[in-house]
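Working notes, structure below.
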Amino acid sequence: MTLDRFYPIFDHTDWLRRMLPLGVKLVQLRIKEQPDAVVRAEIATAQALCRDHGAVLVVNDYWQAAIDAGCDWIHLGQEDLDDADLPAIRKAGLKLGVSTHDDDELERVLAMDPDYVALGPVYPTILKKMKWHQQGLPRVTEWKRRVGDIPLVGIGGMSVERAPGVFQAGADIVSAVTDITLNPDPETRVRQWIEVTR
Ligand SMILES: Cc1ncc(COP(=O)(O)OP(=O)(O)O)c(N)n1
Ligand SMILES: Cc1nc(C(=O)O)sc1CCOP(=O)(O)O
Ligand SMILES: [Mg+2]
């Protein structure tokens, strides 16, 4: 299955309700600091919305809830991977997307046979504090050479204007948060994203 090249990330299904009807086909639900019951209810809602709109849902972090809900995709960062039960995730048939930021992390995840590899932050991000400032486009090119046929996701400080350069550098997919969520007109911004990525 080929993943869409535009990969927005949202923290609530209210966003999915607004954005899926515009044509978003790949989306991540990234919930932080919510009780388990809220997370599970949000995952169930997101699954139903994505099913209705023919979109692929990726659940961030909550691998056990994703297994229990019968989800198709999970995204795990390096710290998540320390605690995750990878055999259980694979046994449940979930596809696995992983974050990487340096050589050691890339080596580690390649041994896990991931279904996509994300590299970030390609540009500085305001969403969260990170140890890495910006990887830059040459690093995207290097990562694509190293991951081969595994889809490469570029994340961090992405915008509609930056996306073409990131694709040209070797990314297969571009992922964005605040370029959409902090935009005064998120719907128009998502339409622009779809135009530039299809
Ligand atoms: C597509 C994509 N890439 C990277 C991340 C970051 O994952 P992680 O390092 O686990 O950090 P949190 O997002 O959980 O704060 C991601 N979520 N999605
Ligand atoms: C969630 C996340 N992970 C990153 C990584 O590098 O692993 S960068 C990032 C934030 C992306 O948000 P924005 O598009 O607003 O910069
Ligand atoms: Mg995580």
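Ordered as shown in the structure tokens, chains take letters A, B, and onward, while each chain numbers its residues from 1 and ligands are numbered from 1 in the order shown.
Those protein and nucleic acid residues that have any atom within 6 Å of ligand 3 are, using only C-alpha atoms and all ligand atoms, Asp61, Leu76, Gly77 and Asp80 of chain A.
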Would you kindly return, as a list of chain:residue names, each protein, DNA or RNA residue with an atom no farther than 7 Å from any atom of region 90-104 of chain A, considering only C-alpha atoms and excluding same-chain residues fewer than 2 positions away? A:Ile67, A:Cys71, A:Asp72, A:Trp73, A:Ile74, A:His75, A:Leu76, A:Gly77, A:Gln78, A:Leu86, A:Pro87, A:Ala88, A:Leu106, A:Glu107, A:Arg108, A:Pro114, A:Asp115, A:Tyr116, A:Val117, A:Ala118, A:Leu119, A:Gly120
Can I get the selected residues back with N, CA and C atoms, as a PDB file, in the first residue's frame?
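After the write, again.pdb holds the following:
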```
ATOM      1  N   ILE A  67      -3.630  -1.722  19.582  1.00  0.00           N
ATOM      2  CA  ILE A  67      -3.844  -3.165  19.379  1.00  0.00           C
ATOM      3  C   ILE A  67      -5.279  -3.519  19.767  1.00  0.00           C
ATOM      4  N   CYS A  71      -6.404  -1.289  15.366  1.00  0.00           N
ATOM      5  CA  CYS A  71      -5.880  -0.285  14.436  1.00  0.00           C
ATOM      6  C   CYS A  71      -4.903  -0.911  13.441  1.00  0.00           C
ATOM      7  N   ASP A  72      -4.590  -0.139  12.393  1.00  0.00           N
ATOM      8  CA  ASP A  72      -3.697  -0.630  11.337  1.00  0.00           C
ATOM      9  C   ASP A  72      -2.265  -0.125  11.501  1.00  0.00           C
ATOM     10  N   TRP A  73      -2.102   1.070  12.110  1.00  0.00           N
ATOM     11  CA  TRP A  73      -0.788   1.707  12.161  1.00  0.00           C
ATOM     12  C   TRP A  73      -0.521   2.288  13.548  1.00  0.00           C
ATOM     13  N   ILE A  74       0.756   2.211  13.954  1.00  0.00           N
ATOM     14  CA  ILE A  74       1.199   2.864  15.190  1.00  0.00           C
ATOM     15  C   ILE A  74       2.489   3.629  14.876  1.00  0.00           C
ATOM     16  N   HIS A  75       2.666   4.788  15.511  1.00  0.00           N
ATOM     17  CA  HIS A  75       3.946   5.493  15.418  1.00  0.00           C
ATOM     18  C   HIS A  75       4.618   5.477  16.783  1.00  0.00           C
ATOM     19  N   LEU A  76       5.879   5.056  16.809  1.00  0.00           N
ATOM     20  CA  LEU A  76       6.621   5.019  18.072  1.00  0.00           C
ATOM     21  C   LEU A  76       7.956   5.734  17.933  1.00  0.00           C
ATOM     22  N   GLY A  77       8.260   6.549  18.942  1.00  0.00           N
ATOM     23  CA  GLY A  77       9.580   7.188  19.016  1.00  0.00           C
ATOM     24  C   GLY A  77      10.542   6.279  19.753  1.00  0.00           C
ATOM     25  N   GLN A  78      11.757   6.757  19.921  1.00  0.00           N
ATOM     26  CA  GLN A  78      12.807   5.913  20.519  1.00  0.00           C
ATOM     27  C   GLN A  78      12.470   5.513  21.948  1.00  0.00           C
ATOM     28  N   LEU A  86       7.102  -5.233  20.773  1.00  0.00           N
ATOM     29  CA  LEU A  86       7.090  -5.292  19.299  1.00  0.00           C
ATOM     30  C   LEU A  86       6.496  -6.592  18.751  1.00  0.00           C
ATOM     31  N   PRO A  87       6.817  -7.738  19.353  1.00  0.00           N
ATOM     32  CA  PRO A  87       6.175  -8.962  18.848  1.00  0.00           C
ATOM     33  C   PRO A  87       4.646  -8.888  18.940  1.00  0.00           C
ATOM     34  N   ALA A  88       4.129  -8.316  20.034  1.00  0.00           N
ATOM     35  CA  ALA A  88       2.665  -8.196  20.170  1.00  0.00           C
ATOM     36  C   ALA A  88       2.106  -7.251  19.112  1.00  0.00           C
ATOM     37  N   LEU A 106      18.818   5.453  13.810  1.00  0.00           N
ATOM     38  CA  LEU A 106      18.480   4.853  12.507  1.00  0.00           C
ATOM     39  C   LEU A 106      18.920   3.389  12.467  1.00  0.00           C
ATOM     40  N   GLU A 107      20.128   3.131  12.930  1.00  0.00           N
ATOM     41  CA  GLU A 107      20.602   1.732  12.955  1.00  0.00           C
ATOM     42  C   GLU A 107      19.659   0.866  13.782  1.00  0.00           C
ATOM     43  N   ARG A 108      19.255   1.410  14.920  1.00  0.00           N
ATOM     44  CA  ARG A 108      18.374   0.635  15.811  1.00  0.00           C
ATOM     45  C   ARG A 108      17.059   0.278  15.119  1.00  0.00           C
ATOM     46  N   PRO A 114      10.882  -1.445   9.978  1.00  0.00           N
ATOM     47  CA  PRO A 114       9.741  -0.517  10.089  1.00  0.00           C
ATOM     48  C   PRO A 114       9.037  -0.307   8.750  1.00  0.00           C
ATOM     49  N   ASP A 115       7.808   0.146   8.823  1.00  0.00           N
ATOM     50  CA  ASP A 115       7.011   0.380   7.612  1.00  0.00           C
ATOM     51  C   ASP A 115       7.156   1.809   7.109  1.00  0.00           C
ATOM     52  N   TYR A 116       7.590   2.718   7.952  1.00  0.00           N
ATOM     53  CA  TYR A 116       8.168   3.984   7.497  1.00  0.00           C
ATOM     54  C   TYR A 116       9.161   4.451   8.554  1.00  0.00           C
ATOM     55  N   VAL A 117      10.066   5.313   8.106  1.00  0.00           N
ATOM     56  CA  VAL A 117      11.032   5.936   9.016  1.00  0.00           C
ATOM     57  C   VAL A 117      10.840   7.440   8.923  1.00  0.00           C
ATOM     58  N   ALA A 118      10.681   8.100  10.069  1.00  0.00           N
ATOM     59  CA  ALA A 118      10.598   9.561  10.077  1.00  0.00           C
ATOM     60  C   ALA A 118      11.935  10.136  10.520  1.00  0.00           C
ATOM     61  N   LEU A 119      12.328  11.210   9.855  1.00  0.00           N
ATOM     62  CA  LEU A 119      13.529  11.962  10.240  1.00  0.00           C
ATOM     63  C   LEU A 119      13.112  13.370  10.646  1.00  0.00           C
ATOM     64  N   GLY A 120      13.578  13.812  11.814  1.00  0.00           N
ATOM     65  CA  GLY A 120      13.250  15.158  12.238  1.00  0.00           C
ATOM     66  C   GLY A 120      14.225  15.663  13.279  1.00  0.00           C
TER      67      GLY A 120
END
```
For chain A against ligand 2, with a cut-off of 8 Å and counting only C-alpha atoms and all ligand atoms, what is the closest atom pair and its distance in Å to one decimal for every residue that makes the cut, ordered by chain and number, as CSV?
```
residue,atom,partner,partner_atom_place_in_ligand_line,distance
A:Ile9,CA,ligand 2,1 (C),8.0
A:Gly77,CA,ligand 2,7 (O),7.3
A:Ser99,CA,ligand 2,7 (O),5.3
A:Thr100,CA,ligand 2,7 (O),6.4
A:His101,CA,ligand 2,6 (O),6.5
A:Ala118,CA,ligand 2,7 (O),7.0
A:Leu119,CA,ligand 2,6 (O),6.1
A:Gly120,CA,ligand 2,6 (O),3.1
A:Pro121,CA,ligand 2,6 (O),3.7
A:Val122,CA,ligand 2,6 (O),7.1
A:Tyr123,CA,ligand 2,16 (O),7.4
A:Pro124,CA,ligand 2,16 (O),6.7
A:Thr125,CA,ligand 2,16 (O),3.8
A:Ile126,CA,ligand 2,16 (O),5.7
A:Leu127,CA,ligand 2,15 (O),4.9
A:Lys128,CA,ligand 2,10 (C),6.2
A:Met130,CA,ligand 2,6 (O),7.5
A:Trp132,CA,ligand 2,6 (O),7.7
A:Ile155,CA,ligand 2,8 (S),5.3
A:Gly156,CA,ligand 2,16 (O),3.8
A:Gly157,CA,ligand 2,16 (O),3.6
A:Met158,CA,ligand 2,14 (O),5.1
A:Ser159,CA,ligand 2,14 (O),7.5
A:Ser175,CA,ligand 2,14 (O),6.5
A:Ala176,CA,ligand 2,14 (O),3.7
A:Val177,CA,ligand 2,14 (O),3.8
A:Thr178,CA,ligand 2,15 (O),3.6
A:Asp179,CA,ligand 2,15 (O),5.9
```
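Remark: for Glu79 (chain A), the closest of the candidate residues A:Val109, A:Ile31, A:Pro21, A:Asp14 is A:Val109 (distances computed over only C-alpha atoms).
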From chain A, collect each residue whose DSSP state is strand (DSSP E or B) and return the set as a VMD selection string. chain A and resid 6 to 10 26 to 29 56 to 60 73 to 76 95 to 100 116 to 119 152 to 155 173 to 176
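Rounded to one decimal, atom 16 (C, counted along the ligand's line) of ligand 1 and CA of Pro35 (chain A) lie 19.8 Å from each other.
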Applying 10 Å and only C-alpha atoms, which residues near Lys25 (chain A) remain after dropping the ones on its own chain fewer than 4 positions away? List them as a list in words. Leu3, Asp4, Arg5, Phe6, Tyr7, Pro8, Met19, Leu20, Pro21, Cys50, His53, Gly54, Ala55, Val56, Leu57 and Ile194 of chain A
Let's see if you can do this: from backbone DSSP, list all helix (DSSP H, G or I) residues in chain A, as a PDB file with C-alpha atoms, in the first residue's frame.
```pdb
ATOM      1  CA  THR A  13     -10.632  14.070  16.572  1.00  0.00           C
ATOM      2  CA  ASP A  14     -12.332  17.470  16.200  1.00  0.00           C
ATOM      3  CA  TRP A  15      -9.505  18.218  13.754  1.00  0.00           C
ATOM      4  CA  LEU A  16     -10.123  14.980  11.862  1.00  0.00           C
ATOM      5  CA  ARG A  17     -13.808  15.879  11.538  1.00  0.00           C
ATOM      6  CA  ARG A  18     -12.784  19.172   9.894  1.00  0.00           C
ATOM      7  CA  MET A  19      -9.894  17.963   7.740  1.00  0.00           C
ATOM      8  CA  LEU A  20     -10.816  14.492   6.473  1.00  0.00           C
ATOM      9  CA  PRO A  21     -13.679  15.788   4.288  1.00  0.00           C
ATOM     10  CA  LEU A  22     -11.131  18.016   2.494  1.00  0.00           C
ATOM     11  CA  ASP A  36      -6.641   6.071  29.193  1.00  0.00           C
ATOM     12  CA  ALA A  37     -10.427   6.164  28.724  1.00  0.00           C
ATOM     13  CA  VAL A  38     -10.199   9.424  26.781  1.00  0.00           C
ATOM     14  CA  VAL A  39      -7.402   8.056  24.598  1.00  0.00           C
ATOM     15  CA  ARG A  40      -9.357   4.908  23.815  1.00  0.00           C
ATOM     16  CA  ALA A  41     -12.532   6.854  23.005  1.00  0.00           C
ATOM     17  CA  GLU A  42     -10.585   9.201  20.729  1.00  0.00           C
ATOM     18  CA  ILE A  43      -8.970   6.266  18.928  1.00  0.00           C
ATOM     19  CA  ALA A  44     -12.383   4.664  18.331  1.00  0.00           C
ATOM     20  CA  THR A  45     -13.771   7.943  16.974  1.00  0.00           C
ATOM     21  CA  ALA A  46     -10.715   8.472  14.764  1.00  0.00           C
ATOM     22  CA  GLN A  47     -11.026   4.945  13.364  1.00  0.00           C
ATOM     23  CA  ALA A  48     -14.663   5.514  12.421  1.00  0.00           C
ATOM     24  CA  LEU A  49     -13.906   8.889  10.818  1.00  0.00           C
ATOM     25  CA  CYS A  50     -10.950   7.528   8.840  1.00  0.00           C
ATOM     26  CA  ARG A  51     -12.959   4.513   7.709  1.00  0.00           C
ATOM     27  CA  ASP A  52     -15.750   6.818   6.463  1.00  0.00           C
ATOM     28  CA  HIS A  53     -13.259   8.939   4.505  1.00  0.00           C
ATOM     29  CA  TRP A  63       0.396   0.866  21.134  1.00  0.00           C
ATOM     30  CA  GLN A  64      -1.664  -1.263  23.552  1.00  0.00           C
ATOM     31  CA  ALA A  65      -4.804   0.806  22.959  1.00  0.00           C
ATOM     32  CA  ALA A  66      -4.122   0.626  19.213  1.00  0.00           C
ATOM     33  CA  ILE A  67      -3.844  -3.165  19.379  1.00  0.00           C
ATOM     34  CA  ASP A  68      -7.022  -3.436  21.452  1.00  0.00           C
ATOM     35  CA  ALA A  69      -8.918  -1.214  18.998  1.00  0.00           C
ATOM     36  CA  GLN A  78      12.807   5.913  20.519  1.00  0.00           C
ATOM     37  CA  GLU A  79      11.614   6.097  24.114  1.00  0.00           C
ATOM     38  CA  ASP A  80       8.307   4.476  23.191  1.00  0.00           C
ATOM     39  CA  LEU A  81      10.275   1.640  21.603  1.00  0.00           C
ATOM     40  CA  ASP A  82      12.052   0.965  24.913  1.00  0.00           C
ATOM     41  CA  ASP A  83       8.754  -0.099  26.464  1.00  0.00           C
ATOM     42  CA  LEU A  86       7.090  -5.292  19.299  1.00  0.00           C
ATOM     43  CA  PRO A  87       6.175  -8.962  18.848  1.00  0.00           C
ATOM     44  CA  ALA A  88       2.665  -8.196  20.170  1.00  0.00           C
ATOM     45  CA  ILE A  89       2.397  -5.201  17.838  1.00  0.00           C
ATOM     46  CA  ARG A  90       3.449  -7.301  14.860  1.00  0.00           C
ATOM     47  CA  LYS A  91       1.246 -10.230  15.890  1.00  0.00           C
ATOM     48  CA  ASP A 103      22.784   7.513  13.251  1.00  0.00           C
ATOM     49  CA  ASP A 104      22.378   5.264  16.273  1.00  0.00           C
ATOM     50  CA  GLU A 105      18.608   5.653  16.213  1.00  0.00           C
ATOM     51  CA  LEU A 106      18.480   4.853  12.507  1.00  0.00           C
ATOM     52  CA  GLU A 107      20.602   1.732  12.955  1.00  0.00           C
ATOM     53  CA  ARG A 108      18.374   0.635  15.811  1.00  0.00           C
ATOM     54  CA  VAL A 109      15.099   0.996  13.918  1.00  0.00           C
ATOM     55  CA  LEU A 110      16.318  -0.524  10.658  1.00  0.00           C
ATOM     56  CA  LEU A 137      18.006  18.868   3.614  1.00  0.00           C
ATOM     57  CA  PRO A 138      21.344  17.066   3.002  1.00  0.00           C
ATOM     58  CA  ARG A 139      20.484  14.841   5.948  1.00  0.00           C
ATOM     59  CA  VAL A 140      17.135  13.992   4.291  1.00  0.00           C
ATOM     60  CA  THR A 141      19.056  12.880   1.198  1.00  0.00           C
ATOM     61  CA  GLU A 142      21.433  10.792   3.307  1.00  0.00           C
ATOM     62  CA  TRP A 143      18.524   9.162   5.181  1.00  0.00           C
ATOM     63  CA  LYS A 144      16.762   8.242   1.940  1.00  0.00           C
ATOM     64  CA  ARG A 145      19.928   6.582   0.677  1.00  0.00           C
ATOM     65  CA  ARG A 146      20.125   4.605   3.906  1.00  0.00           C
ATOM     66  CA  VAL A 147      16.481   3.558   4.232  1.00  0.00           C
ATOM     67  CA  ALA A 163       7.501  20.732   1.146  1.00  0.00           C
ATOM     68  CA  PRO A 164       8.740  20.681  -2.502  1.00  0.00           C
ATOM     69  CA  GLY A 165      12.353  21.034  -1.395  1.00  0.00           C
ATOM     70  CA  VAL A 166      11.972  18.259   1.153  1.00  0.00           C
ATOM     71  CA  PHE A 167      10.534  15.922  -1.491  1.00  0.00           C
ATOM     72  CA  GLN A 168      13.332  16.888  -3.852  1.00  0.00           C
ATOM     73  CA  ALA A 169      15.867  16.040  -1.143  1.00  0.00           C
ATOM     74  CA  THR A 178       1.587  23.827  13.516  1.00  0.00           C
ATOM     75  CA  ASP A 179       1.693  24.964   9.890  1.00  0.00           C
ATOM     76  CA  ILE A 180      -1.936  23.817   9.914  1.00  0.00           C
ATOM     77  CA  THR A 181      -3.139  24.067  13.504  1.00  0.00           C
ATOM     78  CA  PRO A 186      -6.512  25.715   8.630  1.00  0.00           C
ATOM     79  CA  GLU A 187      -8.961  24.481   5.968  1.00  0.00           C
ATOM     80  CA  THR A 188      -7.402  26.658   3.269  1.00  0.00           C
ATOM     81  CA  ARG A 189      -3.946  25.610   4.425  1.00  0.00           C
ATOM     82  CA  VAL A 190      -4.839  21.905   4.144  1.00  0.00           C
ATOM     83  CA  ARG A 191      -6.191  22.483   0.627  1.00  0.00           C
ATOM     84  CA  GLN A 192      -2.841  24.087  -0.244  1.00  0.00           C
ATOM     85  CA  TRP A 193      -1.006  21.111   1.238  1.00  0.00           C
ATOM     86  CA  ILE A 194      -3.067  18.691  -0.827  1.00  0.00           C
ATOM     87  CA  GLU A 195      -2.377  20.714  -3.963  1.00  0.00           C
ATOM     88  CA  VAL A 196       1.373  20.764  -3.395  1.00  0.00           C
ATOM     89  CA  THR A 197       1.661  17.074  -2.480  1.00  0.00           C
TER      90      THR A 197
END
```
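Closest approach to Arg198 (chain A) from the set A:His133, A:Arg162, A:Asp185, A:Val24 is made by A:Val24, with distances taken over only C-alpha atoms.
Interatomic distance, CA of Arg30 (chain A) against CA of Asn60 (chain A): 5.0 Å.
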Find, counting only C-alpha atoms and all ligand atoms, the residue in A:Gly136, A:Val153, A:Met112, A:Asp11 that gets nearest to ligand 1. A:Val153
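Taking CA of Pro184 (chain A) and CA of Val160 (chain A) as the two end points, the separation is 14.5 Å.
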